[in-house]
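Below is one structure, written out as C-alpha cells; the observations come after it.
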Amino acid sequence: MTKLSEIAFARPGRAPSGTLIVLAGDDLRLGAIARSLGVEDVVKRAAAAASFKGKAMTTLDILAPAGVALDRLIVVGTGKPGDLKERDWARLGGAALGTLGRGRQATAVVERPDGKKTPASAAAGFALGAQLRSYVFDKYKKPAADDGNGDRQPSSLAIWSAEPADARKAWRAGEALAAGTALARDLVNEPPNILGPVEFAARAKELSALGVEVEVLTEKEMKALGMGALLGVAQGSVRPPRLVVLRWNGGKAKDQPVAFIGKGVVFDTGGISIKPAGGMEDMKGDMGGAAAVTGLMHTLAARKAKVNAIGVLGIVENMPDGAAQRPGDIVTAMSGKTIEIINTDAEGRLVLADCLHYVEERFKPRFMVNLATLTGAITVALGSQIAGLFSNDDALSNALAAAGEETGERVWRMPMGPEYDKLMDSRFADVKNAGGRQAGSITAAQFLRRFVKDTPWAHLDIAGTALDSPQTEINRSWSSGWGVRLLDRLVADKYEG
Ligand code: BES
Ligand code: MN
Ligand code: ZN
C-alpha cells in the first residue's frame, strides 16, 4: 500500500510555509524557482556546516532555517546536473520522500539546478519515485503506539514546476504505473496461506473493474487442453491450479496483440525434490512473474494504453505429497512434447511450457515476454540488480534493453544456442526438465525455447530482482514489483500509437 495519498502539481507560488524540498547540483547551485524563494544563502551555510556536497541522491535536512518562514528545508543532491538521466527523477523523488518521512506534507520544487531546460517528464517522474518509496506492506502488523508524529497517516506532496499542466498530464500515466507496481508488490508480499491459486485468480479478476476481460481456467479445462506439464506440478497440492487470461483491448480491433506470461508458483517447496529449510519462506514470492504481469495489465488498463495486450498467469503450488509427481515421471505438454522430470524443483519451466504454447497457438501475438523467478543460478550470474534476458529475437531484446536503461529496471542478455540446447536432451523423453549443475539459467531458457515456435519471444529471469530486493531510493519493500515499469515502457515506446 502506498502511503502518499495526495500529489498535486502547481505553478510556483510565493514562498510556502511548512516543509520545502529543493534540488541542488554538485556545485550547490539551485534552480531558478528555488532561488526565487530566497533559500540560497541558508542552503550554502548549512551545506558547508554539514559537508553536504550535492552528490546524487544525498540529502540535507535543515530544520527551522534562518531568514525564511519555513519549518524545514530539505535539499536533495542531483550530482552533476548534466549527468541526470530520465530514470533519476524518480530516484530524486524517492530520496526526498524518504527524508520527509511518513505522515508529513511538503512542497517540492522540481527543476534542473543548472538552469538548463527541465524535461517534461521530470515532475511526474519525481512523483512516481515518491509514491513508490512511500509503499509499505504492513497489513499484518498491529499499528505501533502513536508516537505523535502521525507516522501512520498518509503524506501529501505539492510539486512545483515550470510546466504543471504537462506534469499533471504525464502523472495520469504515472499514477497508473505506481498503482500497478504497488499491486505487484502486494501480491508478492502476501503470505502463501492467504494467497493460493484460487485467491490469486480472484485478485486478477478484480481488474475487470478497469475494463480488462478476465477468463479463469480451472483444472478441468486445462486437462481438456492437454496441459500435462502445468498439471504435473499442481498435482501435489490440495489447492487446485488456475490459468488466468487477462485481455486489455486498447488498440484497434485488427492490431495483433502483445503478450505477457507470468510464472505464478504461489509456493515452491521444491516438491519431492524438496528444498532445504533455510530461507524456504522466500518461496512465497515464486509468483513474482505472474504478479508483475498482473500489475502491468492493471497499469495498461488504468492509463488506457492504446495497445491490445494479453496477460497469462500460470498459477500453481508445488508441494510434496502422496499424489505429487516424481523424478522419473514423464508428462506430456500441451504442445505434444514429452518431458522427463529429473527434478521436481524445476517446476516453473513446466508451468511456462504450457502457458507459452497456449498463448502462441491461441493469440498469435506480435511477441511474447515471459517473466519468472526461474533459477537461483541467475542471482549467481547477475545478483539482484539486473534481470537475465534470454531471447530468440534481437529487435525485442534491444527494445527491452532500451526500456531498462530508461526506467532503471535493467536487463542483461544471456547467451543461448544449440550447444546449450543439447544439454536438455533426455534419454527417455523429448526433453528433460533439468540439466546439470552448469549454466543453470541458460539451460532453463533452452527448455522454454523448445515450447516456442517462431514468435519473437523473450524470457526474463527475475529470481534475483523480484524478491528480497535491494533497498533503493524508490523501494523499501521486500518485493520490488520488478518488471511493471520496464514492460509498461516497452509498450509505450514501441507498440503504442
Ligand atoms: N523458484 C526457484 C528459483 C528461485 C530460487 C527463485 C531462489 C527465487 C529465489 C525454481 O523453481 C527452482 O527451484 N529452480 C532450481 C532449478 C534446478 C532444480 C534445476 C534452482 O534454481 O536451483
Ligand atoms: Mn523450484
Ligand atoms: Zn520455482
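By order of appearance in the C-alpha cells: chains A, B, ..., then residues from 1 within every chain, and ligands from 1 in the order shown.
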
Next on the checklist: For Ser36 in chain A, find every residue with an atom within 12 Å (counting only C-alpha atoms), except residues of its own chain fewer than 4 positions away, and show them as a list of chain:residue names.
Outcome noted: A:Pro12, A:Gly13, A:Arg14, A:Ala15, A:Pro16, A:Val22, A:Leu30, A:Gly31, A:Ala32, A:Glu40, A:Asp41, A:Val109

Go ahead and write the residues just picked, C-alpha atoms, as a compact mmCIF listing (two decimals), in the first residue's frame.
# COMPACT_ATOMS: atom_id res chain seq x y z
CA PRO A 12 5.42 28.08 -8.23
CA GLY A 13 3.79 30.50 -5.82
CA ARG A 14 5.13 32.64 -3.03
CA ALA A 15 7.43 31.01 -0.50
CA PRO A 16 5.43 28.24 1.21
CA VAL A 22 14.64 21.72 -3.39
CA LEU A 30 19.88 25.84 -7.06
CA GLY A 31 17.42 26.26 -9.91
CA ALA A 32 15.60 29.49 -10.69
CA GLU A 40 20.11 30.07 -1.50
CA ASP A 41 22.08 31.53 1.39
CA VAL A 109 10.39 22.23 -6.38

Residues within 6 Å of ligand 3, counting only C-alpha atoms and all ligand atoms, as a JSON list (two decimals) with N, CA and C atoms, in the first residue's frame:
[["chain", "number", "residue", "atom", "x", "y", "z"],
["A", 268, "ASP", "N", 6.76, -22.60, -3.57],
["A", 268, "ASP", "CA", 7.61, -23.62, -4.18],
["A", 268, "ASP", "C", 8.43, -24.33, -3.11],
["A", 286, "ASP", "N", 7.48, -16.87, -5.32],
["A", 286, "ASP", "CA", 7.77, -17.54, -6.58],
["A", 286, "ASP", "C", 6.68, -17.29, -7.63],
["A", 347, "GLU", "N", 10.15, -26.59, -11.55],
["A", 347, "GLU", "CA", 8.72, -26.63, -11.85],
["A", 347, "GLU", "C", 8.24, -25.43, -12.67],
["A", 348, "GLY", "N", 8.93, -24.30, -12.50],
["A", 348, "GLY", "CA", 8.45, -23.08, -13.17],
["A", 348, "GLY", "C", 8.43, -23.24, -14.68],
["A", 374, "LEU", "N", 12.85, -17.90, -12.06],
["A", 374, "LEU", "CA", 13.05, -19.25, -12.60],
["A", 374, "LEU", "C", 14.23, -20.00, -12.00]]

Item to check | Contact residues around Asp354 in chain A with only C-alpha atoms at 9 Å, ignoring same-chain residues under 6 positions, as a list in words | outcome: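 What passes the distance filter is Gly226, Met227, Gly228, Ala229, Leu230, Gly314, Ala333, Met334, Ser335 and Phe451 of chain A.
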
Okay, now the selection with C-alpha atoms, as a PDB file, in the first residue's frame?
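Result file is result25.pdb:
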ATOM      1  CA  GLY A 226      -3.771 -31.247 -22.516  1.00  0.00           C
ATOM      2  CA  MET A 227      -1.665 -29.092 -20.208  1.00  0.00           C
ATOM      3  CA  GLY A 228       0.144 -32.070 -18.695  1.00  0.00           C
ATOM      4  CA  ALA A 229       3.277 -30.096 -17.779  1.00  0.00           C
ATOM      5  CA  LEU A 230       1.483 -27.491 -15.677  1.00  0.00           C
ATOM      6  CA  GLY A 314       0.066 -19.917 -14.756  1.00  0.00           C
ATOM      7  CA  ALA A 333       2.884 -30.964 -22.521  1.00  0.00           C
ATOM      8  CA  MET A 334       0.098 -29.264 -24.455  1.00  0.00           C
ATOM      9  CA  SER A 335       2.429 -28.969 -27.442  1.00  0.00           C
ATOM     10  CA  PHE A 451       7.921 -24.653 -26.420  1.00  0.00           C
TER      11      PHE A 451
END

Next on the checklist: If the limit is 10 Å from any atom of ligand 2, counting only C-alpha atoms and all ligand atoms, which residues qualify? Return them as an MDAnalysis selection string.
Outcome noted: chainID A and resid 265 267:271 273:275 283 286 318 343:349 373:376

With C-alpha atoms retained, could you export that selection as a compact mmCIF listing (two decimals), in the first residue's frame?
# COMPACT_ATOMS: atom_id res chain seq x y z
CA VAL A 265 4.02 -20.59 -8.24
CA PHE A 267 4.68 -21.53 -3.03
CA ASP A 268 7.61 -23.62 -4.18
CA THR A 269 8.69 -26.27 -1.69
CA GLY A 270 10.60 -27.99 -4.48
CA GLY A 271 8.10 -30.87 -4.39
CA SER A 273 12.99 -32.86 -4.75
CA ILE A 274 12.38 -30.79 -1.65
CA LYS A 275 14.32 -27.61 -0.90
CA MET A 283 9.38 -19.14 -1.96
CA ASP A 286 7.77 -17.54 -6.58
CA ASN A 318 4.50 -27.00 -5.82
CA ASN A 343 13.96 -32.61 -10.61
CA THR A 344 10.53 -31.61 -9.34
CA ASP A 345 12.05 -28.33 -8.15
CA ALA A 346 12.47 -27.26 -11.78
CA GLU A 347 8.72 -26.63 -11.85
CA GLY A 348 8.45 -23.08 -13.17
CA ARG A 349 9.57 -24.07 -16.66
CA THR A 373 11.57 -16.30 -10.75
CA LEU A 374 13.05 -19.25 -12.60
CA THR A 375 16.54 -20.06 -11.32
CA GLY A 376 18.74 -19.43 -8.33

Item to check | Nearby residues (only C-alpha atoms) at most 10 Å from range 252-258 of chain A, same-chain spacing under 3 positions excluded, as a ChimeraX atom specification | outcome: /A:247-249,306-311,363-369,491,495,497

Give me a file of those residues, with all heavy atoms, as a short mmCIF file (atom, residue, chain, number, x, y, z; two decimals), in the first residue's frame.
data_model
loop_
_atom_site.label_atom_id
_atom_site.label_comp_id
_atom_site.auth_asym_id
_atom_site.auth_seq_id
_atom_site.Cartn_x
_atom_site.Cartn_y
_atom_site.Cartn_z
N ARG A 247 -7.18 -9.74 -20.80
CA ARG A 247 -7.13 -9.09 -22.12
C ARG A 247 -7.49 -7.62 -22.00
O ARG A 247 -8.57 -7.28 -21.53
CB ARG A 247 -8.10 -9.76 -23.08
CG ARG A 247 -7.87 -11.23 -23.19
CD ARG A 247 -8.83 -11.87 -24.17
NE ARG A 247 -8.50 -11.49 -25.54
CZ ARG A 247 -9.00 -12.09 -26.61
NH1 ARG A 247 -9.87 -13.07 -26.48
NH2 ARG A 247 -8.64 -11.71 -27.82
N TRP A 248 -6.56 -6.79 -22.41
CA TRP A 248 -6.84 -5.35 -22.48
C TRP A 248 -6.87 -4.97 -23.95
O TRP A 248 -5.87 -5.09 -24.66
CB TRP A 248 -5.75 -4.55 -21.74
CG TRP A 248 -5.83 -3.09 -22.07
CD1 TRP A 248 -4.92 -2.35 -22.76
CD2 TRP A 248 -6.90 -2.19 -21.71
NE1 TRP A 248 -5.35 -1.05 -22.87
CE2 TRP A 248 -6.56 -0.93 -22.23
CE3 TRP A 248 -8.11 -2.34 -21.01
CZ2 TRP A 248 -7.39 0.19 -22.08
CZ3 TRP A 248 -8.94 -1.23 -20.86
CH2 TRP A 248 -8.57 0.01 -21.38
N ASN A 249 -8.04 -4.52 -24.41
CA ASN A 249 -8.20 -4.18 -25.82
C ASN A 249 -8.23 -2.67 -25.99
O ASN A 249 -9.27 -2.07 -26.21
CB ASN A 249 -9.49 -4.79 -26.37
CG ASN A 249 -9.50 -6.30 -26.18
OD1 ASN A 249 -8.53 -6.98 -26.51
ND2 ASN A 249 -10.58 -6.83 -25.62
N LYS A 306 -2.98 2.47 -25.62
CA LYS A 306 -3.50 2.18 -26.96
C LYS A 306 -2.82 0.94 -27.51
O LYS A 306 -2.01 1.01 -28.45
CB LYS A 306 -3.25 3.38 -27.87
CG LYS A 306 -4.11 4.58 -27.51
CD LYS A 306 -3.97 5.66 -28.56
CE LYS A 306 -4.82 6.87 -28.24
NZ LYS A 306 -4.55 7.43 -26.90
N VAL A 307 -3.14 -0.17 -26.94
CA VAL A 307 -2.50 -1.42 -27.34
C VAL A 307 -3.45 -2.57 -27.00
O VAL A 307 -4.25 -2.45 -26.06
CB VAL A 307 -1.14 -1.59 -26.60
CG1 VAL A 307 -1.35 -1.84 -25.10
CG2 VAL A 307 -0.29 -2.70 -27.18
N ASN A 308 -3.38 -3.62 -27.77
CA ASN A 308 -4.06 -4.85 -27.39
C ASN A 308 -3.05 -5.73 -26.68
O ASN A 308 -2.04 -6.11 -27.27
CB ASN A 308 -4.62 -5.57 -28.62
CG ASN A 308 -5.71 -4.76 -29.31
OD1 ASN A 308 -6.36 -3.92 -28.67
ND2 ASN A 308 -5.91 -4.99 -30.59
N ALA A 309 -3.32 -6.01 -25.41
CA ALA A 309 -2.35 -6.77 -24.62
C ALA A 309 -3.03 -7.96 -23.96
O ALA A 309 -4.16 -7.87 -23.48
CB ALA A 309 -1.70 -5.88 -23.56
N ILE A 310 -2.30 -9.08 -23.97
CA ILE A 310 -2.75 -10.30 -23.32
C ILE A 310 -1.83 -10.54 -22.12
O ILE A 310 -0.61 -10.41 -22.25
CB ILE A 310 -2.57 -11.52 -24.25
CG1 ILE A 310 -3.19 -11.28 -25.63
CG2 ILE A 310 -3.07 -12.80 -23.60
CD1 ILE A 310 -4.67 -11.36 -25.67
N GLY A 311 -2.41 -10.90 -20.99
CA GLY A 311 -1.60 -11.34 -19.85
C GLY A 311 -2.05 -12.74 -19.47
O GLY A 311 -3.25 -12.97 -19.32
N PHE A 363 -3.39 -16.91 -29.53
CA PHE A 363 -3.42 -15.46 -29.78
C PHE A 363 -2.51 -15.01 -30.92
O PHE A 363 -2.59 -13.88 -31.36
CB PHE A 363 -3.07 -14.70 -28.50
CG PHE A 363 -4.06 -14.93 -27.39
CD1 PHE A 363 -3.72 -15.69 -26.27
CD2 PHE A 363 -5.35 -14.42 -27.47
CE1 PHE A 363 -4.63 -15.91 -25.25
CE2 PHE A 363 -6.26 -14.63 -26.45
CZ PHE A 363 -5.91 -15.38 -25.34
N LYS A 364 -1.61 -15.87 -31.38
CA LYS A 364 -0.66 -15.48 -32.42
C LYS A 364 -0.14 -14.06 -32.19
O LYS A 364 -0.30 -13.17 -33.02
CB LYS A 364 -1.32 -15.56 -33.81
CG LYS A 364 -2.10 -16.84 -34.05
CD LYS A 364 -1.52 -17.63 -35.20
CE LYS A 364 -2.16 -18.98 -35.44
NZ LYS A 364 -2.33 -19.88 -34.28
N PRO A 365 0.49 -13.84 -31.04
CA PRO A 365 0.88 -12.47 -30.68
C PRO A 365 2.06 -11.95 -31.51
O PRO A 365 2.77 -12.73 -32.13
CB PRO A 365 1.29 -12.60 -29.20
CG PRO A 365 1.73 -14.00 -29.06
CD PRO A 365 0.90 -14.81 -30.01
N ARG A 366 2.24 -10.61 -31.49
CA ARG A 366 3.40 -10.00 -32.15
C ARG A 366 4.68 -10.44 -31.47
O ARG A 366 5.72 -10.59 -32.09
CB ARG A 366 3.31 -8.48 -32.04
CG ARG A 366 2.27 -7.87 -32.90
CD ARG A 366 1.94 -6.49 -32.42
NE ARG A 366 2.92 -5.53 -32.89
CZ ARG A 366 2.66 -4.21 -32.89
NH1 ARG A 366 1.49 -3.77 -32.47
NH2 ARG A 366 3.58 -3.38 -33.31
N PHE A 367 4.60 -10.54 -30.16
CA PHE A 367 5.73 -11.07 -29.39
C PHE A 367 5.20 -11.61 -28.07
O PHE A 367 4.08 -11.27 -27.65
CB PHE A 367 6.82 -10.03 -29.16
CG PHE A 367 6.42 -8.92 -28.20
CD1 PHE A 367 6.39 -9.13 -26.83
CD2 PHE A 367 6.10 -7.66 -28.68
CE1 PHE A 367 6.02 -8.12 -25.95
CE2 PHE A 367 5.72 -6.64 -27.80
CZ PHE A 367 5.68 -6.88 -26.44
N MET A 368 6.01 -12.41 -27.42
CA MET A 368 5.67 -12.90 -26.08
C MET A 368 6.85 -12.60 -25.15
O MET A 368 8.00 -12.87 -25.51
CB MET A 368 5.49 -14.43 -26.05
CG MET A 368 4.52 -14.97 -27.06
SD MET A 368 4.10 -16.71 -26.72
CE MET A 368 5.48 -17.56 -27.44
N VAL A 369 6.55 -12.04 -24.01
CA VAL A 369 7.58 -11.87 -22.98
C VAL A 369 7.10 -12.64 -21.75
O VAL A 369 5.99 -12.41 -21.27
CB VAL A 369 7.81 -10.39 -22.60
CG1 VAL A 369 8.81 -10.28 -21.45
CG2 VAL A 369 8.30 -9.59 -23.80
N VAL A 491 5.96 -1.16 -23.93
CA VAL A 491 4.71 -0.99 -24.67
C VAL A 491 4.57 0.45 -25.15
O VAL A 491 4.26 0.71 -26.31
CB VAL A 491 3.50 -1.38 -23.78
CG1 VAL A 491 2.18 -0.96 -24.42
CG2 VAL A 491 3.51 -2.88 -23.51
N TYR A 495 5.08 -0.03 -29.04
CA TYR A 495 3.90 -0.69 -29.58
C TYR A 495 2.61 0.11 -29.45
O TYR A 495 1.55 -0.39 -29.78
CB TYR A 495 3.75 -2.08 -28.93
CG TYR A 495 4.98 -2.91 -29.18
CD1 TYR A 495 5.99 -3.00 -28.24
CD2 TYR A 495 5.15 -3.56 -30.40
CE1 TYR A 495 7.15 -3.73 -28.49
CE2 TYR A 495 6.30 -4.28 -30.67
CZ TYR A 495 7.29 -4.37 -29.70
OH TYR A 495 8.42 -5.08 -29.96
N GLY A 497 0.22 3.54 -30.27
CA GLY A 497 0.02 4.68 -31.16
C GLY A 497 0.34 4.36 -32.62
O GLY A 497 0.77 3.30 -32.97
#

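Compared by their closest atoms to ligand 1, and using only C-alpha atoms and all ligand atoms, the residues A:Asp61, A:Glu405, A:Glu281, A:Asp166 rank with A:Glu281 nearest.
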
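The nearest approach to Val39 in chain A among the residues A:Val75, A:Ala90, A:Ala10, A:Pro327, with only C-alpha atoms taken into account, belongs to A:Val75.
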
Next on the checklist: Please identify the strand (DSSP E) residues within range 243-419 of chain A (assignment by DSSP from backbone atoms) and present them as number ranges by chain.
Outcome noted: A: 243-249, 258-268, 308-318, 330-332, 338-340, 368-372, 387-391, 411-413

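Nearest residue to Ile341 in chain A among A:Gly115, A:Gly279, A:Gly404, A:Gly435 is A:Gly435, counting only C-alpha atoms.
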
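With distances taken over only C-alpha atoms and all ligand atoms, A:Ser441 is the one residue among A:Ser441, A:Ser51, A:Thr299, A:Thr2 lying closest to ligand 1.
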
Checklist entry - Looking at only C-alpha atoms and all ligand atoms, which of A:Leu187, A:Leu467, A:Met416, A:Leu225 is the one that sits closest to ligand 1? => result A:Leu467
